[in-house]
$ cat start_8.txt   # compact mmCIF, C-alpha atoms and all ligand atoms
# COMPACT_ATOMS: atom_id res chain seq x y z
CA MET M 1 104.88 104.23 143.95
CA ASN M 2 103.56 101.12 142.31
CA ASP M 3 105.51 97.94 143.15
CA LYS M 4 104.32 96.03 140.08
CA THR M 5 107.13 94.26 138.15
CA ALA M 6 107.40 92.39 134.86
CA THR M 7 110.23 90.13 133.70
CA ALA M 8 111.06 88.79 130.26
CA LYS M 9 113.86 86.70 128.79
CA ALA M 10 115.18 86.86 125.25
CA HIS M 11 118.08 85.06 123.64
CA THR M 12 120.58 86.73 121.40
CA ASN M 13 120.93 85.83 117.75
CA ILE M 14 123.72 85.62 115.22
CA ALA M 15 122.98 86.91 111.74
CA LEU M 16 123.93 84.51 108.97
CA ILE M 17 122.84 87.12 106.42
CA LYS M 18 123.68 90.47 108.00
CA TYR M 19 121.90 93.73 108.57
CA TRP M 20 124.51 96.40 107.79
CA GLY M 21 122.96 99.68 106.74
CA LYS M 22 119.80 101.74 107.20
CA LYS M 23 117.62 103.11 104.43
CA ASP M 24 115.61 105.10 106.99
CA ARG M 25 117.34 106.13 110.21
CA GLU M 26 114.23 107.51 111.88
CA LEU M 27 112.20 104.30 111.42
CA ASN M 28 115.29 102.07 111.56
CA LEU M 29 114.53 100.38 108.25
CA PRO M 30 117.42 98.26 106.95
CA THR M 31 118.79 98.28 103.41
CA THR M 32 118.55 94.47 103.26
CA SER M 33 116.51 91.67 104.77
CA SER M 34 118.55 89.59 107.22
CA LEU M 35 118.43 86.05 108.55
CA SER M 36 119.61 84.81 111.94
CA LEU M 37 119.94 81.90 114.31
CA THR M 38 118.77 82.40 117.91
CA LEU M 39 121.34 81.08 120.39
CA ASN M 40 120.48 79.01 123.42
CA GLU M 41 123.55 79.85 125.52
CA PHE M 42 123.41 83.67 125.37
CA TYR M 43 120.45 85.61 126.72
CA THR M 44 119.21 88.57 128.71
CA ILE M 45 116.65 88.57 131.52
CA THR M 46 115.11 91.98 132.15
CA THR M 47 112.86 93.16 134.97
CA VAL M 48 111.09 96.50 134.95
CA THR M 49 109.54 98.29 137.89
CA GLU M 50 108.46 101.85 138.59
CA GLY M 51 111.28 104.25 139.52
CA LYS M 52 111.85 107.99 139.99
CA GLU M 53 113.39 108.25 136.52
CA ASP M 54 114.41 105.80 133.80
CA THR M 55 117.50 103.99 135.08
CA LEU M 56 119.42 100.98 133.82
CA LEU M 57 121.36 98.36 135.75
CA ILE M 58 123.20 95.65 133.82
CA ASN M 59 124.60 92.82 135.91
CA ASN M 60 124.21 95.01 139.03
CA MET M 61 126.12 97.96 137.58
CA MET M 62 124.51 101.32 136.86
CA GLN M 63 124.72 102.23 133.17
CA ASP M 64 124.11 105.38 131.15
CA PRO M 65 120.33 105.13 130.55
CA LYS M 66 120.30 107.50 127.51
CA ARG M 67 119.65 104.87 124.85
CA ILE M 68 116.94 103.01 126.76
CA HIS M 69 115.37 106.28 127.92
CA GLN M 70 114.97 107.32 124.27
CA PHE M 71 113.47 103.94 123.47
CA LEU M 72 111.09 104.02 126.46
CA ASP M 73 109.97 107.52 125.41
CA PHE M 74 109.31 106.18 121.92
CA LEU M 75 107.06 103.48 123.47
CA ARG M 76 105.32 106.06 125.72
CA GLN M 77 104.52 108.25 122.73
CA ASN M 78 103.56 105.49 120.31
CA VAL M 79 101.98 102.71 122.34
CA GLY M 80 100.84 104.15 125.67
CA ASP M 81 102.11 106.22 128.57
CA PHE M 82 103.71 104.61 131.63
CA PRO M 83 105.76 105.88 134.60
CA PRO M 84 109.57 106.14 134.75
CA LEU M 85 111.11 102.67 134.98
CA THR M 86 114.00 101.02 136.75
CA VAL M 87 115.33 98.48 134.25
CA ILE M 88 117.33 95.62 135.77
CA SER M 89 119.06 93.38 133.25
CA ARG M 90 121.04 90.21 133.71
CA ASN M 91 123.06 89.82 130.60
CA MET M 92 124.49 86.41 129.81
CA VAL M 93 126.25 87.84 126.74
CA PRO M 94 129.58 89.69 126.81
CA THR M 95 128.20 93.26 126.54
CA SER M 96 128.97 95.32 123.43
CA ALA M 97 131.79 93.10 122.20
CA GLY M 98 130.22 92.09 118.94
CA LEU M 99 128.13 89.31 120.39
CA ALA M 100 125.00 91.36 119.75
CA SER M 101 123.91 91.84 123.36
CA SER M 102 121.74 94.69 122.09
CA ALA M 103 119.56 92.12 120.31
CA SER M 104 118.60 90.16 123.42
CA SER M 105 118.56 93.33 125.57
CA PHE M 106 116.08 95.30 123.47
CA ALA M 107 113.92 92.23 122.81
CA ALA M 108 113.73 91.42 126.56
CA LEU M 109 113.09 95.09 127.41
CA THR M 110 110.31 95.44 124.83
CA ALA M 111 108.60 92.28 126.08
CA ALA M 112 109.01 93.27 129.76
CA VAL M 113 107.51 96.74 129.15
CA ALA M 114 104.61 95.22 127.18
CA LYS M 115 103.93 92.83 130.06
CA TYR M 116 104.25 95.61 132.65
CA ASN M 117 101.61 97.64 130.80
CA ASP M 118 99.38 94.65 129.93
CA TRP M 119 99.70 95.48 126.25
CA ASP M 120 98.29 92.69 124.16
CA LEU M 121 100.82 92.60 121.31
CA SER M 122 101.58 89.92 118.76
CA GLU M 123 105.15 88.72 118.21
CA LYS M 124 105.17 90.68 114.97
CA GLU M 125 104.21 93.87 116.80
CA LEU M 126 106.84 93.28 119.51
CA SER M 127 109.41 92.72 116.79
CA ARG M 128 108.46 95.98 115.01
CA LEU M 129 108.70 97.95 118.26
CA ALA M 130 112.05 96.42 119.28
CA ARG M 131 113.40 97.42 115.86
CA ARG M 132 113.38 101.04 117.06
CA GLY M 133 115.76 100.14 119.92
CA SER M 134 118.14 97.92 117.96
CA GLY M 135 117.68 96.38 114.52
CA SER M 136 119.00 92.96 115.45
CA ALA M 137 116.48 92.81 118.33
CA THR M 138 113.65 92.33 115.81
CA ARG M 139 114.89 88.75 115.31
CA SER M 140 115.37 87.83 118.98
CA PHE M 141 111.74 86.95 119.77
CA PHE M 142 111.82 83.80 117.68
CA PRO M 143 113.23 80.28 118.10
CA GLY M 144 115.81 78.85 115.70
CA PHE M 145 116.10 80.62 112.38
CA ALA M 146 114.39 84.00 111.93
CA VAL M 147 114.11 86.42 109.03
CA TRP M 148 113.75 90.18 109.31
CA HIS M 149 111.95 91.49 106.24
CA GLU M 150 113.47 94.84 105.34
CA GLY M 151 110.04 96.24 104.44
CA THR M 152 109.27 99.64 102.99
CA ASP M 153 107.68 101.32 106.02
CA ASP M 154 107.12 100.89 109.75
CA GLU M 155 104.37 98.34 109.21
CA SER M 156 106.21 96.04 106.81
CA SER M 157 109.62 95.86 108.53
CA PHE M 158 109.39 93.01 111.06
CA ALA M 159 110.82 89.58 111.80
CA GLU M 160 109.29 86.12 111.91
CA ALA M 161 110.47 82.56 112.47
CA LEU M 162 111.31 80.26 109.60
CA PRO M 163 109.63 76.84 109.79
CA ALA M 164 111.18 74.77 112.59
CA THR M 165 113.96 72.42 111.56
CA ASP M 166 116.06 69.95 113.52
CA LEU M 167 119.23 71.05 111.78
CA PRO M 168 122.24 70.05 113.96
CA ILE M 169 124.01 73.39 113.60
CA ALA M 170 126.43 74.75 116.23
CA LEU M 171 128.67 77.76 116.67
CA VAL M 172 132.06 77.83 118.30
CA VAL M 173 132.25 81.35 119.69
CA CYS M 174 135.76 82.74 120.11
CA GLU M 175 135.75 85.57 122.62
CA ILE M 176 138.73 87.65 121.65
CA ALA M 177 137.75 90.82 123.44
CA GLY M 178 135.25 91.44 126.20
CA THR M 179 135.78 95.16 125.93
CA VAL M 180 133.42 97.79 124.57
CA LYS M 181 133.71 98.14 120.80
CA LYS M 182 135.31 101.25 119.35
CA VAL M 183 132.89 101.88 116.48
CA SER M 184 129.20 101.44 117.35
CA SER M 185 127.17 99.40 114.89
CA SER M 186 125.13 102.49 113.91
CA ASP M 187 128.25 104.50 113.15
CA GLY M 188 129.89 101.53 111.43
CA MET M 189 126.90 101.09 109.13
CA MET M 190 126.81 104.77 108.19
CA ARG M 191 130.48 104.61 107.25
CA ALA M 192 130.10 101.30 105.36
CA MET M 193 127.33 102.82 103.23
CA THR M 194 129.92 105.23 101.79
CA SER M 195 131.88 102.33 100.28
CA PRO M 196 131.82 102.25 96.46
CA ASN M 197 131.01 98.54 96.84
CA TYR M 198 127.93 99.08 99.00
CA ALA M 199 125.26 98.81 96.28
CA ALA M 200 126.82 95.57 95.00
CA TRP M 201 126.78 94.10 98.52
CA VAL M 202 123.08 94.95 98.88
CA GLU M 203 122.33 93.26 95.54
CA GLU M 204 124.34 90.17 96.42
CA SER M 205 122.77 90.04 99.86
CA LYS M 206 119.29 89.79 98.31
CA GLN M 207 120.40 86.73 96.39
CA GLN M 208 122.14 85.21 99.44
CA PHE M 209 119.01 85.76 101.55
CA GLU M 210 117.05 83.54 99.13
CA GLU M 211 119.84 80.98 98.82
CA MET M 212 120.23 80.78 102.59
CA GLN M 213 116.54 79.93 103.06
CA ALA M 214 116.87 77.20 100.44
CA ALA M 215 120.02 75.84 102.14
CA ILE M 216 118.23 75.74 105.53
CA ALA M 217 115.22 73.96 104.03
CA ALA M 218 117.62 71.47 102.38
CA LYS M 219 119.54 71.10 105.70
CA ASP M 220 122.75 71.76 103.79
CA LEU M 221 125.13 72.88 106.56
CA ALA M 222 128.13 73.39 104.27
CA LYS M 223 126.11 75.68 102.01
CA ILE M 224 124.78 77.61 105.03
CA GLY M 225 128.35 78.12 106.27
CA GLU M 226 129.67 79.09 102.85
CA LEU M 227 126.94 81.70 102.29
CA ALA M 228 127.23 83.12 105.81
CA GLU M 229 131.00 83.46 105.58
CA LYS M 230 130.86 85.22 102.22
CA ASN M 231 128.12 87.59 103.39
CA ALA M 232 130.03 88.49 106.58
CA LEU M 233 133.48 88.91 105.04
CA ASP M 234 132.04 91.09 102.27
CA MET M 235 130.27 93.17 104.92
CA HIS M 236 133.57 93.71 106.73
CA ALA M 237 135.24 94.61 103.43
CA LEU M 238 132.75 97.50 103.17
CA ASN M 239 134.16 98.94 106.41
CA LEU M 240 137.65 98.80 104.95
CA THR M 241 136.62 100.49 101.71
CA ALA M 242 134.37 103.18 103.25
CA THR M 243 135.19 106.63 101.91
CA ASP M 244 134.07 108.15 105.22
CA ARG M 245 136.56 107.13 107.94
CA ARG M 246 137.27 103.58 106.78
CA PHE M 247 137.95 101.17 109.62
CA THR M 248 138.05 97.53 110.64
CA TYR M 249 136.77 95.53 113.59
CA PHE M 250 139.45 92.91 112.96
CA ASN M 251 142.59 92.61 115.03
CA GLN M 252 145.56 90.25 114.70
CA MET M 253 143.79 87.50 116.61
CA THR M 254 140.79 87.79 114.27
CA GLN M 255 143.08 87.26 111.27
CA ASP M 256 144.83 84.32 112.93
CA ILE M 257 141.52 82.61 113.75
CA LEU M 258 140.20 83.20 110.22
CA ALA M 259 143.35 81.52 108.86
CA LYS M 260 142.79 78.61 111.27
CA VAL M 261 139.19 78.20 110.13
CA LYS M 262 140.40 77.94 106.54
CA GLU M 263 143.02 75.40 107.58
CA LEU M 264 140.40 73.30 109.41
CA ARG M 265 138.21 73.37 106.32
CA GLN M 266 141.07 72.23 104.14
CA ALA M 267 141.61 69.37 106.60
CA GLY M 268 138.02 68.26 105.97
CA PHE M 269 136.14 69.87 108.88
CA LEU M 270 132.89 71.74 108.49
CA ALA M 271 134.02 75.19 109.61
CA TYR M 272 133.00 78.62 108.35
CA ALA M 273 133.41 82.01 110.00
CA THR M 274 131.07 84.88 110.70
CA LEU M 275 131.70 88.15 112.59
CA ASP M 276 129.57 91.06 113.78
CA ALA M 277 130.53 94.54 114.98
CA GLY M 278 133.63 93.40 116.84
CA PRO M 279 136.71 91.21 116.55
CA ASN M 280 135.09 87.98 117.78
CA VAL M 281 134.90 85.11 115.33
CA LYS M 282 132.00 82.68 115.46
CA ILE M 283 132.68 79.39 113.73
CA ILE M 284 129.69 77.76 112.08
CA THR M 285 129.86 73.99 112.28
CA SER M 286 127.81 70.90 113.08
CA GLN M 287 126.95 69.77 116.60
CA ASP M 288 129.02 66.60 116.22
CA GLN M 289 132.16 68.51 115.15
CA ALA M 290 131.86 71.47 117.54
CA GLU M 291 133.86 69.98 120.43
CA THR M 292 136.71 68.85 118.18
CA ILE M 293 136.87 72.30 116.58
CA GLN M 294 136.80 73.92 120.02
CA ALA M 295 139.72 71.67 121.11
CA LYS M 296 141.72 72.48 117.97
CA LEU M 297 141.24 76.21 118.53
CA LYS M 298 142.26 75.87 122.19
CA GLU M 299 145.38 74.00 121.15
CA ALA M 300 146.35 76.74 118.67
CA PHE M 301 145.32 79.68 120.91
CA PRO M 302 145.55 78.56 124.57
CA LYS M 303 144.39 81.91 125.99
CA LEU M 304 141.25 82.15 123.88
CA ARG M 305 137.86 81.86 125.62
CA LEU M 306 135.66 79.51 123.63
CA GLU M 307 132.03 78.57 124.00
CA ILE M 308 129.75 76.32 122.01
CA ALA M 309 126.33 77.70 121.12
CA THR M 310 123.33 75.83 119.72
CA PRO M 311 119.88 76.86 118.44
CA GLY M 312 117.82 78.61 121.09
CA PRO M 313 114.17 79.27 122.00
CA GLY M 314 111.99 82.31 121.44
CA PHE M 315 111.34 84.93 124.13
CA SER M 316 109.43 84.14 127.30
CA TYR M 317 107.92 85.83 130.32
CA ILE M 318 109.20 84.89 133.73
CA LYS M 319 106.66 84.73 136.52
CA GLU M 320 107.44 86.64 139.70
CA ASP M 321 107.09 84.78 143.02
O1 LIG F 401 121.31 95.72 116.19
P1 LIG F 401 122.43 96.62 115.87
O2 LIG F 401 121.98 97.98 115.53
O3 LIG F 401 123.48 96.60 116.97
O4 LIG F 401 123.17 96.06 114.56
C1 LIG F 401 123.70 94.75 114.49
C2 LIG F 401 124.51 94.55 113.28
C3 LIG F 401 125.20 93.20 113.15
O5 LIG F 401 125.20 92.51 114.37
C4 LIG F 401 126.64 93.40 112.74
C5 LIG F 401 124.52 92.36 112.06
C6 LIG F 401 123.19 91.76 112.41
O6 LIG F 401 122.39 91.58 111.49
O7 LIG F 401 122.96 91.40 113.59

$ encode --input "start_8.txt" --output "structure tokens" --more "lines below"
Ligand code: PMV
Amino acid sequence: MNDKTATAKAHTNIALIKYWGKKDRELNLPTTSSLSLTLNEFYTITTVTEGKEDTLLINNMMQDPKRIHQFLDFLRQNVGDFPPLTVISRNMVPTSAGLASSASSFAALTAAVAKYNDWDLSEKELSRLARRGSGSATRSFFPGFAVWHEGTDDESSFAEALPATDLPIALVVCEIAGTVKKVSSSDGMMRAMTSPNYAAWVEESKQQFEEMQAAIAAKDLAKIGELAEKNALDMHALNLTATDRRFTYFNQMTQDILAKVKELRQAGFLAYATLDAGPNVKIITSQDQAETIQAKLKEAFPKLRLEIATPGPGFSYIKED
């Protein structure tokens, strides 16, 4: 067996304008374009090496390899054949708890497999391939703010970085649950698309996508927060109004933190909330207010785990010794 290895690192990202629905499940084309911020503090480092069959270890624990096996087979059939792989991931993101570990995981895996096979792929091509593993992974190759263009076919649905900006944005991440989420994002999206409000959300999202880019270019943090909060809360309202098995990712703690964020805003702080496919609230703020907001949350909810996240870099390859 070949002892060649390849290692790549990718940071996770938080969507400020969300991806929540597929117009083509086979190609994984989203119903809307989305926009995210790559986070410095949360990332995945993945090493691939030849194995007897495709296997997956995350933080030294064996995992069900079904999802990555399907993805690796997709790469074998569409880019080039390669042997079964042992995939070893170190995940510095609470796995499957709505902190989008699938974004950094599939981005790091795609890059590591490309390196392993000496495929000469552009960032755009890596992004398009990673899309087939997890939609949010398309955006995890890029530093700072990234946009994923919904596109109309495989070729036109990819992500790219927005022009670099020194915007002093920060997130206060409230880790309510480190457990595996009950409704997967794929299932959640399918259900949300049955909401009578879905088409209106898609329309509004198009507008917000444009407004968000303008707010970033204008470095208007309050506007960024306002747009992101509206987009996220409306997305979660779709889950509640789905006609197929309506549901919510929110729990009591989620509601209490959302009320606190509103209270902080009324007291003059820059604080807006966003949430993904789980109960965790991420508070969008400025770097100079992040520690105060973290302290205020800790005071109100002593048991809550809180971390501050700031804009992060694009993906990288890690050299083996
Ligand atoms: O990448 P997926 O298929 O796990 O979907 C992620 C969906 C959200 O995190 C809720 C939104 C987004 O755009 O990242």

$ atom_distance --input "start_8.txt" --atom1 "atom O5 of ligand LIG 401 (chain F)" --atom2 "CA of Leu85 in chain M"
27.0 Å

$ residues_around --input "start_8.txt" --residues "range 207-213 of chain M" --least-positions-apart "2" --cutoff "8 Å" --atoms "all atoms listed in the file" --output "PDB file with C-alpha atoms, in the coordinates of the input"
ATOM      1  CA  ILE M  17     122.840  87.120 106.420  1.00  0.00           C
ATOM      2  CA  SER M  33     116.510  91.670 104.770  1.00  0.00           C
ATOM      3  CA  SER M  34     118.550  89.590 107.220  1.00  0.00           C
ATOM      4  CA  LEU M  35     118.430  86.050 108.550  1.00  0.00           C
ATOM      5  CA  GLU M 203     122.330  93.260  95.540  1.00  0.00           C
ATOM      6  CA  GLU M 204     124.340  90.170  96.420  1.00  0.00           C
ATOM      7  CA  SER M 205     122.770  90.040  99.860  1.00  0.00           C
ATOM      8  CA  ALA M 215     120.020  75.840 102.140  1.00  0.00           C
ATOM      9  CA  ILE M 216     118.230  75.740 105.530  1.00  0.00           C
ATOM     10  CA  ALA M 217     115.220  73.960 104.030  1.00  0.00           C
ATOM     11  CA  LYS M 223     126.110  75.680 102.010  1.00  0.00           C
ATOM     12  CA  ILE M 224     124.780  77.610 105.030  1.00  0.00           C
ATOM     13  CA  LEU M 227     126.940  81.700 102.290  1.00  0.00           C
ATOM     14  CA  ASN M 231     128.120  87.590 103.390  1.00  0.00           C
TER      15      ASN M 231
END

$ residues_around --input "start_8.txt" --residues "Phe71 in chain M" --least-positions-apart "3" --cutoff "6 Å" --atoms "all atoms listed in the file" --output "list of chain:residue names"
M:Ile68, M:Phe74, M:Gly133

$ closest_residue --input "start_8.txt" --among "M:Gln77, M:Asn28, M:Gln255, M:Ser185" --to "Ala130 in chain M" --atoms "all atoms listed in the file"
M:Asn28

$ residues_near_ligand --input "start_8.txt" --ligand "ligand LIG 401 (chain F)" --cutoff "8 Å" --atoms "only C-alpha atoms and all ligand atoms" --output "PyMOL selection string"
chain M and resi 13-20+34-36+98-103+133-137+184-186+275-277

$ residues_around --input "start_8.txt" --residues "Glu53 in chain M" --least-positions-apart "3" --cutoff "10 Å" --atoms "all atoms listed in the file" --output "list in words"
Glu50, Leu56, Pro65, His69, Pro83, Pro84, Leu85 and Thr86 of chain M

$ residues_near_point --input "start_8.txt" --point "(110.8, 98.1, 112.4)" --cutoff "6 Å" --atoms "only C-alpha atoms" --output "MDAnalysis selection string"
chainID M and resid 128 131 154 157:158

$ closest_residue --input "start_8.txt" --among "M:Ala192, M:Leu297, M:Leu270, M:Ile284" --to "Arg246 in chain M" --atoms "all atoms listed in the file"
M:Ala192

$ axis_aligned_box --input "start_8.txt" --around "range 75-87 of chain M" --padding-each-side "4 Å" --output "JSON"
{"center_x": 108.1, "center_y": 103.4, "center_z": 128.5, "size_x": 22.5, "size_y": 17.8, "size_z": 24.4}

$ closest_residue --input "start_8.txt" --among "M:Leu240, M:Leu37, M:Ala159, M:Ala199" --to "Lys23 in chain M" --atoms "all atoms listed in the file"
M:Ala199

$ atom_distance --input "start_8.txt" --atom1 "CA of Gln63 in chain M" --atom2 "CA of Thr44 in chain M"
15.4 Å

$ closest_residue --input "start_8.txt" --among "M:Ser104, M:Thr32, M:Thr5, M:Thr152" --to "Gly312 in chain M" --atoms "all atoms listed in the file"
M:Ser104

$ closest_residue --input "start_8.txt" --among "M:Pro311, M:Gly80, M:Pro30, M:Pro196" --to "Ser286 in chain M" --atoms "all atoms listed in the file"
M:Pro311

$ atom_distance --input "start_8.txt" --atom1 "CA of Lys296 in chain M" --atom2 "CA of Thr165 in chain M"
28.5 Å

$ closest_residue --input "start_8.txt" --among "M:Leu233, M:Leu126, M:Ile58, M:Ile88" --to "Arg139 in chain M" --atoms "all atoms listed in the file"
M:Leu126

$ residues_around --input "start_8.txt" --residues "Asn40 in chain M" --least-positions-apart "6" --cutoff "10 Å" --atoms "only C-alpha atoms" --output "short mmCIF file (atom, residue, chain, number, x, y, z; two decimals) with C-alpha atoms, in the frame of the given file"
data_model
loop_
_atom_site.label_atom_id
_atom_site.label_comp_id
_atom_site.auth_asym_id
_atom_site.auth_seq_id
_atom_site.Cartn_x
_atom_site.Cartn_y
_atom_site.Cartn_z
CA ALA M 10 115.18 86.86 125.25
CA HIS M 11 118.08 85.06 123.64
CA THR M 12 120.58 86.73 121.40
CA ASN M 13 120.93 85.83 117.75
CA PRO M 143 113.23 80.28 118.10
CA GLY M 144 115.81 78.85 115.70
CA ILE M 308 129.75 76.32 122.01
CA ALA M 309 126.33 77.70 121.12
CA THR M 310 123.33 75.83 119.72
CA PRO M 311 119.88 76.86 118.44
CA GLY M 312 117.82 78.61 121.09
CA PRO M 313 114.17 79.27 122.00
CA GLY M 314 111.99 82.31 121.44
#

$ residues_around --input "start_8.txt" --residues "Leu306 in chain M" --least-positions-apart "5" --cutoff "7 Å" --atoms "all atoms listed in the file" --output "PDB file with C-alpha atoms, keeping the file's coordinate frame"
ATOM      1  CA  VAL M 172     132.060  77.830 118.300  1.00  0.00           C
ATOM      2  CA  VAL M 173     132.250  81.350 119.690  1.00  0.00           C
ATOM      3  CA  CYS M 174     135.760  82.740 120.110  1.00  0.00           C
ATOM      4  CA  GLU M 175     135.750  85.570 122.620  1.00  0.00           C
ATOM      5  CA  GLN M 294     136.800  73.920 120.020  1.00  0.00           C
TER       6      GLN M 294
END
